[in-house]
Each structure stands twice: as C-alpha cells, then as structure tokens.
file target17.cif (mmCIF, C-alpha atoms and all ligand atoms)
data_data
#
loop_
_atom_site.label_atom_id
_atom_site.label_comp_id
_atom_site.auth_asym_id
_atom_site.auth_seq_id
_atom_site.Cartn_x
_atom_site.Cartn_y
_atom_site.Cartn_z
CA MET C 1 7.30 -128.02 53.56
CA THR C 2 11.00 -127.90 54.48
CA LYS C 3 11.66 -126.21 57.81
CA ILE C 4 14.37 -123.63 58.41
CA GLY C 5 16.57 -123.18 61.45
CA ILE C 6 18.80 -120.14 61.66
CA SER C 7 22.25 -120.77 63.08
CA ILE C 8 23.42 -117.87 65.23
CA LEU C 9 27.08 -118.91 64.91
CA SER C 10 27.96 -116.07 62.53
CA SER C 11 25.53 -113.51 63.97
CA ASP C 12 26.35 -110.19 65.61
CA LEU C 13 26.92 -111.50 69.12
CA LEU C 14 27.19 -108.06 70.71
CA ASN C 15 23.62 -107.50 69.55
CA LEU C 16 22.25 -110.97 69.99
CA GLU C 17 18.78 -109.92 71.16
CA LYS C 18 18.42 -107.73 68.07
CA GLU C 19 19.52 -110.68 65.94
CA ILE C 20 16.91 -112.93 67.59
CA LYS C 21 14.20 -110.33 66.90
CA SER C 22 15.32 -110.10 63.27
CA ILE C 23 15.18 -113.92 63.00
CA GLU C 24 11.63 -113.81 64.45
CA GLN C 25 10.59 -111.42 61.68
CA SER C 26 11.72 -114.01 59.15
CA ASN C 27 9.18 -116.54 60.38
CA VAL C 28 11.52 -119.51 60.67
CA ASP C 29 11.03 -122.77 62.54
CA TYR C 30 14.08 -123.06 64.79
CA ILE C 31 16.99 -121.16 66.21
CA HIS C 32 20.00 -123.42 65.77
CA ILE C 33 22.63 -123.06 68.49
CA ASP C 34 26.05 -124.63 67.93
CA VAL C 35 27.70 -125.52 71.23
CA MET C 36 31.43 -126.15 70.65
CA ASP C 37 33.98 -127.16 73.26
CA GLY C 38 37.39 -126.69 71.60
CA HIS C 39 37.99 -130.47 71.87
CA PHE C 40 35.44 -132.28 69.72
CA VAL C 41 35.79 -129.39 67.29
CA PRO C 42 38.57 -126.80 67.08
CA ASN C 43 36.30 -123.86 67.96
CA ILE C 44 34.65 -122.67 71.21
CA THR C 45 31.23 -121.04 71.22
CA PHE C 46 28.18 -120.95 73.46
CA GLY C 47 27.39 -122.40 76.87
CA PRO C 48 24.12 -122.93 78.74
CA ASP C 49 23.90 -119.33 80.00
CA ILE C 50 23.56 -118.01 76.45
CA VAL C 51 20.90 -120.63 75.69
CA ALA C 52 18.97 -119.53 78.81
CA GLN C 53 19.15 -115.88 77.75
CA ILE C 54 17.95 -116.67 74.24
CA LYS C 55 15.06 -118.71 75.66
CA ARG C 56 13.99 -115.66 77.69
CA VAL C 57 13.54 -113.47 74.60
CA THR C 58 11.93 -115.81 72.06
CA ASN C 59 9.31 -118.51 71.61
CA ILE C 60 11.03 -119.98 68.55
CA PRO C 61 12.01 -123.58 69.44
CA LEU C 62 15.71 -124.01 70.19
CA ASP C 63 17.61 -126.66 68.23
CA VAL C 64 20.75 -127.11 70.32
CA HIS C 65 23.59 -128.93 68.56
CA LEU C 66 26.19 -130.21 71.00
CA MET C 67 29.55 -130.45 69.26
CA ILE C 68 31.25 -131.54 72.46
CA ASN C 69 32.93 -134.55 74.01
CA HIS C 70 31.10 -136.27 76.88
CA PRO C 71 27.73 -134.70 76.05
CA GLU C 72 26.12 -136.87 78.76
CA LYS C 73 27.57 -134.50 81.37
CA TYR C 74 25.60 -131.55 79.99
CA ILE C 75 22.22 -132.98 78.93
CA GLU C 76 20.43 -132.04 82.15
CA THR C 77 21.86 -128.51 82.08
CA PHE C 78 20.94 -127.76 78.46
CA ALA C 79 17.49 -129.28 78.95
CA SER C 80 16.91 -127.12 82.02
CA VAL C 81 17.77 -123.89 80.18
CA GLY C 82 15.23 -124.54 77.44
CA ALA C 83 16.63 -126.68 74.62
CA ASP C 84 13.76 -128.19 72.63
CA ILE C 85 15.85 -130.43 70.40
CA LEU C 86 19.12 -131.66 71.87
CA THR C 87 21.48 -133.20 69.32
CA VAL C 88 24.64 -135.14 70.17
CA HIS C 89 27.34 -136.48 67.89
CA TYR C 90 27.65 -140.20 67.19
CA GLU C 91 31.45 -139.75 67.18
CA ALA C 92 31.40 -138.20 70.68
CA CYS C 93 29.36 -140.82 72.54
CA ASP C 94 30.55 -144.07 74.14
CA GLN C 95 27.08 -145.02 75.38
CA LEU C 96 24.81 -143.54 72.75
CA ASP C 97 21.68 -145.48 73.77
CA GLU C 98 21.95 -144.08 77.30
CA VAL C 99 22.60 -140.54 76.10
CA LEU C 100 19.56 -140.60 73.81
CA SER C 101 17.26 -141.85 76.55
CA LEU C 102 18.72 -139.29 78.98
CA ILE C 103 17.76 -136.56 76.51
CA ARG C 104 14.21 -137.93 76.29
CA ARG C 105 13.93 -138.28 80.07
CA HIS C 106 14.78 -134.60 80.39
CA GLY C 107 11.93 -133.66 78.08
CA CYS C 108 13.85 -132.82 74.89
CA LYS C 109 13.68 -134.36 71.44
CA PRO C 110 16.84 -136.42 70.87
CA GLY C 111 18.88 -135.68 67.77
CA LEU C 112 21.84 -137.64 66.43
CA ALA C 113 24.49 -135.88 64.33
CA ILE C 114 27.23 -137.30 62.12
CA LYS C 115 30.25 -135.69 60.52
CA PRO C 116 30.50 -135.72 56.70
CA THR C 117 32.81 -138.75 56.53
CA THR C 118 31.14 -140.94 59.15
CA ASN C 119 29.73 -144.15 57.70
CA ILE C 120 25.94 -143.92 57.68
CA GLU C 121 25.69 -147.67 58.40
CA SER C 122 27.08 -147.09 61.89
CA ILE C 123 24.04 -145.10 63.03
CA LYS C 124 21.25 -147.25 61.58
CA LYS C 125 20.69 -149.17 64.80
CA TYR C 126 19.88 -145.92 66.63
CA LEU C 127 17.44 -144.49 64.13
CA ASP C 128 14.34 -145.83 65.88
CA LYS C 129 15.36 -143.90 69.00
CA VAL C 130 15.80 -140.40 67.59
CA SER C 131 13.52 -137.53 66.60
CA LEU C 132 16.10 -136.04 64.28
CA VAL C 133 19.23 -137.01 62.35
CA LEU C 134 21.62 -134.19 61.58
CA GLN C 135 23.92 -134.74 58.63
CA MET C 136 26.85 -132.32 58.83
CA THR C 137 27.42 -131.03 55.32
CA VAL C 138 30.72 -129.34 56.25
CA GLU C 139 33.41 -130.40 58.73
CA PRO C 140 32.02 -129.12 62.05
CA GLY C 141 33.66 -126.10 63.68
CA PHE C 142 33.17 -122.99 61.62
CA GLY C 143 30.48 -121.17 59.70
CA GLY C 144 30.87 -119.99 56.11
CA GLN C 145 32.31 -123.20 54.64
CA THR C 146 31.42 -124.84 51.33
CA PHE C 147 28.79 -127.57 51.21
CA ILE C 148 30.29 -131.08 50.76
CA GLU C 149 28.36 -132.76 47.95
CA ASP C 150 29.41 -136.29 48.93
CA THR C 151 27.01 -136.04 51.88
CA LEU C 152 23.99 -136.11 49.56
CA GLU C 153 24.15 -139.88 49.26
CA ASN C 154 23.65 -140.16 53.05
CA LEU C 155 20.52 -138.02 52.83
CA GLN C 156 19.05 -140.39 50.28
CA VAL C 157 19.95 -143.39 52.46
CA LEU C 158 18.36 -141.75 55.53
CA ASN C 159 15.23 -140.91 53.57
CA GLN C 160 14.90 -144.40 52.12
CA TYR C 161 15.60 -146.09 55.46
CA ARG C 162 12.95 -143.95 57.13
CA SER C 163 10.23 -144.98 54.73
CA ASN C 164 11.31 -148.65 54.57
CA HIS C 165 11.18 -148.92 58.37
CA HIS C 166 8.15 -146.67 58.94
CA LEU C 167 10.17 -144.30 61.12
CA ASN C 168 9.49 -140.62 61.51
CA TYR C 169 12.75 -138.87 62.42
CA MET C 170 13.40 -135.55 60.76
CA ILE C 171 16.49 -135.21 58.56
CA GLU C 172 18.48 -132.01 59.08
CA VAL C 173 21.48 -130.65 57.18
CA ASP C 174 23.97 -128.18 58.63
CA GLY C 175 26.78 -126.36 56.86
CA GLY C 176 27.07 -124.47 53.60
CA ILE C 177 23.33 -124.25 53.05
CA ASN C 178 22.09 -121.58 50.66
CA ASN C 179 19.28 -121.25 48.11
CA ILE C 180 21.00 -123.74 45.78
CA THR C 181 22.33 -126.39 48.18
CA GLY C 182 19.15 -126.08 50.28
CA LYS C 183 17.02 -127.04 47.29
CA ILE C 184 19.25 -130.01 46.47
CA CYS C 185 19.01 -131.24 50.09
CA ALA C 186 15.24 -130.75 50.19
CA ASN C 187 14.91 -132.83 47.02
CA ALA C 188 16.97 -135.57 48.70
CA GLY C 189 14.45 -135.79 51.56
CA THR C 190 15.76 -133.23 54.06
CA ASP C 191 13.19 -131.75 56.46
CA VAL C 192 15.23 -129.07 58.23
CA LEU C 193 17.85 -126.73 56.78
CA ALA C 194 20.20 -125.19 59.36
CA VAL C 195 21.29 -121.96 57.73
CA GLY C 196 24.01 -119.64 58.99
CA SER C 197 26.02 -117.22 56.91
CA TYR C 198 23.72 -117.30 53.86
CA TYR C 199 20.99 -115.73 56.00
CA ILE C 200 23.05 -113.76 58.53
CA ASN C 201 25.14 -112.00 55.87
CA ALA C 202 22.27 -111.43 53.42
CA LEU C 203 21.62 -107.79 52.56
CA ASN C 204 17.93 -108.67 52.49
CA ARG C 205 17.16 -111.45 54.96
CA GLU C 206 13.49 -111.73 53.97
CA LYS C 207 14.49 -112.26 50.37
CA ALA C 208 17.06 -114.87 51.42
CA ILE C 209 14.32 -116.79 53.24
CA GLN C 210 11.98 -116.54 50.26
CA GLU C 211 14.71 -117.94 48.05
CA LEU C 212 15.27 -120.81 50.49
CA LYS C 213 11.56 -121.62 50.61
CA LYS C 214 11.07 -121.61 46.82
O1 LIG U 301 27.70 -126.00 62.56
C1 LIG U 301 28.29 -125.48 61.65
C2 LIG U 301 29.73 -125.54 61.60
O2 LIG U 301 30.17 -126.37 62.58
C3 LIG U 301 27.55 -124.83 60.56
O3 LIG U 301 28.34 -124.62 59.50
C4 LIG U 301 26.78 -123.61 60.96
O4 LIG U 301 25.79 -123.93 61.89
C5 LIG U 301 26.08 -123.03 59.78
O5 LIG U 301 26.87 -122.12 59.20
P1 LIG U 301 26.97 -121.89 57.64
O6 LIG U 301 25.56 -121.91 57.10
O7 LIG U 301 27.61 -120.55 57.55
O8 LIG U 301 27.78 -123.00 57.09
#

call {"tool": "encode", "arguments": {"input": "target17.cif", "output": "structure tokens"}}
result
Amino acid sequence: MTKIGISILSSDLLNLEKEIKSIEQSNVDYIHIDVMDGHFVPNITFGPDIVAQIKRVTNIPLDVHLMINHPEKYIETFASVGADILTVHYEACDQLDEVLSLIRRHGCKPGLAIKPTTNIESIKKYLDKVSLVLQMTVEPGFGGQTFIEDTLENLQVLNQYRSNHHLNYMIEVDGGINNITGKICANAGTDVLAVGSYYINALNREKAIQELKK
C-alpha cells in the first residue's frame, strides 16, 4: 500500500497545531517538512525549532527534507529535535557517504533526494546506503507547482534497480502530487507520496485522501 506524507509547506502556519491535528485525523503515514535555506532553493521555510514544536504535538513520524547547502552542519540538530527520516540533496553534498552515515549515527533513516533534471546514474552508487530516495517531481522551492512527467522514467529506473540489486529503499515523490499524478507514480513503483496543496487546499481533506488511496 502506498504511504502518504503531508507536506505542511502550504498549510495555515498561524494555526499549525490545528493543521497537525487535522492531518492526524486523515490517518497518514508521515508529516513532510521542507527545510529551505534561500540558497540551495530560492525560498526560506522552517528551522529546527518548528520541527521540535511539531514533534511535541504528534506521534506521526517526521519526514524532514533538507533543501539546504551544507546539510552536514545541521544533521545533529535536526536529529535531536525529532526527525525520523532525514533527507539530503545529492546536489548539495560534497561528501555524501559521510553525510549519510552521519544521519544513521544520529538515529535517523537516511534519505537521498534529487532534483528533476539530475541524472539518476549519478546516485546509483549510494543506493545501498539509503532508506529512502526522494525524486523531486517539481523544481524544489515552492508548493503548488505542476508535476513534471519526465521524472517518471527515473521512478521506473529506481524501482528496477531496487529489485535487481535486492535493495529495500523506499521511493518517494514530492511536488505536484494529486489523485491523478499520485496514481501514476504508485504504478511506477513509488512507495511514498509527499502531498502538499492537493490535500491542504481540499474542501474535503478526507475525500482527498480517499482519492489518493484508491
Ligand atoms: O517540496 C516541494 C517544493 O519544493 C513540494 O512541492 C511540496 O512539498 C509539496 O507541495 P505540492 O504538493 O503543493 O507541490
């Protein structure tokens, strides 16, 4: 069964606790938190204090997506405030092997993310060291964008590579996911759908989740 993570990027931040409680009602698998630094991506979002506050009010596992340069500087901090999955970008790391083992040493599941145009071949040598691969399906930075269909081929490659090499990383997609694109990604072997505006802006969030799970 495909898992769902709700991205809080487009949520009502003045009422974040209420939003978290609403997400809990929807019975999803993760809360997806996009950490942006204004350098790796053109937007600035959440820091470790917000992650700590969210951890205090929910038991839903936190899938923390670091869209930042020099993520190695912040692994210990985000692990200490309760990240369960800690994902870094291939494009942002000089010493990726070290960063992934640092994440593991701090008790989190290591995730590796790539932007839509990054060559999938470049991450293959790391795939036996990660718990999750996150394929960005929009250019990272902002919620509410349109799903980039060219990324589907990478999902198929990741799925095939996993079974050929007897690996067990999860495949996650992030960006432009709705009931239609979610289904297409699930059919291509995706395990986790990170969903933002489709859920957050839905008039009926329960119905939106049912549609996603169909
Ligand atoms: O990380 C993102 C952008 O950088 C994603 O787009 C966001 O997490 C999900 O938002 P949406 O579902 O609205 O595209």

call {"tool": "closest_atom_pairs", "arguments": {"input": "target17.cif", "of": "stretch 88-160 of chain C", "to": "stretch 167-187 of chain C", "cutoff": "6 Å", "atoms": "only C-alpha atoms", "output": "CSV"}}
result
residue,atom,partner,partner_atom,distance
C:Ser131,CA,C:Tyr169,CA,4.5
C:Leu132,CA,C:Met170,CA,4.5
C:Val133,CA,C:Ile171,CA,5.0
C:Leu134,CA,C:Glu172,CA,4.6
C:Gln135,CA,C:Val173,CA,5.0
C:Met136,CA,C:Asp174,CA,5.0
C:Thr137,CA,C:Gly175,CA,5.0
C:Val138,CA,C:Gly175,CA,5.0
C:Gln145,CA,C:Gly176,CA,5.5
C:Thr146,CA,C:Gly176,CA,4.9
C:Phe147,CA,C:Gly176,CA,4.3

call {"tool": "closest_residue", "arguments": {"input": "target17.cif", "among": "C:Ala194, C:Ile123, C:Val51, C:Val64", "to": "ligand LIG 301 (chain U)", "atoms": "only C-alpha atoms and all ligand atoms"}}
result
C:Ala194

call {"tool": "axis_aligned_box", "arguments": {"input": "target17.cif", "around": "stretch 72-83 of chain C", "padding_each_side": "5 Å", "output": "AutoDock Vina command-line options"}}
result
--center_x 21.4 --center_y -130.4 --center_z 78.4 --size_x 22.3 --size_y 23.0 --size_z 17.5

call {"tool": "residues_around", "arguments": {"input": "target17.cif", "residues": "C:Ile103", "least_positions_apart": "4", "cutoff": "9 Å", "atoms": "all atoms listed in the file", "output": "VMD selection string"}}
result
chain C and resid 72 75 to 76 79 85 to 87 98 to 99 107 to 111

call {"tool": "write_last_selection", "arguments": {"input": "target17.cif", "atoms": "C-alpha atoms", "output": "mmCIF file, in the frame of the given file"}}
result
data_model
loop_
_atom_site.group_PDB
_atom_site.id
_atom_site.type_symbol
_atom_site.label_atom_id
_atom_site.label_comp_id
_atom_site.auth_asym_id
_atom_site.auth_seq_id
_atom_site.Cartn_x
_atom_site.Cartn_y
_atom_site.Cartn_z
ATOM 1 C CA GLU C 72 26.120 -136.870 78.760
ATOM 2 C CA ILE C 75 22.220 -132.980 78.930
ATOM 3 C CA GLU C 76 20.430 -132.040 82.150
ATOM 4 C CA ALA C 79 17.490 -129.280 78.950
ATOM 5 C CA ILE C 85 15.850 -130.430 70.400
ATOM 6 C CA LEU C 86 19.120 -131.660 71.870
ATOM 7 C CA THR C 87 21.480 -133.200 69.320
ATOM 8 C CA GLU C 98 21.950 -144.080 77.300
ATOM 9 C CA VAL C 99 22.600 -140.540 76.100
ATOM 10 C CA GLY C 107 11.930 -133.660 78.080
ATOM 11 C CA CYS C 108 13.850 -132.820 74.890
ATOM 12 C CA LYS C 109 13.680 -134.360 71.440
ATOM 13 C CA PRO C 110 16.840 -136.420 70.870
ATOM 14 C CA GLY C 111 18.880 -135.680 67.770
#

call {"tool": "atom_distance", "arguments": {"input": "target17.cif", "atom1": "atom CA of C:Glu139", "atom2": "atom O4 of ligand LIG 301 (chain U)"}}
result
10.5 Å

call {"tool": "atom_distance", "arguments": {"input": "target17.cif", "atom1": "atom C5 of ligand LIG 301 (chain U)", "atom2": "atom CA of C:Tyr199"}}
result
9.7 Å

call {"tool": "atom_distance", "arguments": {"input": "target17.cif", "atom1": "atom CA of C:Leu127", "atom2": "atom CA of C:Ala83"}}
result
20.7 Å

call {"tool": "closest_residue", "arguments": {"input": "target17.cif", "among": "C:Asp34, C:Glu206, C:Asp150, C:Asp12", "to": "ligand LIG 301 (chain U)", "atoms": "only C-alpha atoms and all ligand atoms"}}
result
C:Asp34

call {"tool": "residues_near_point", "arguments": {"input": "target17.cif", "point": "(26.1, -145.8, 59.4)", "cutoff": "10 Å", "atoms": "all atoms listed in the file", "output": "number ranges by chain"}}
result
C: 90, 114, 118-127, 154, 157-158

call {"tool": "closest_residue", "arguments": {"input": "target17.cif", "among": "C:Glu149, C:Ile44, C:Met1, C:Asn69", "to": "C:Val28", "atoms": "only C-alpha atoms"}}
result
C:Met1
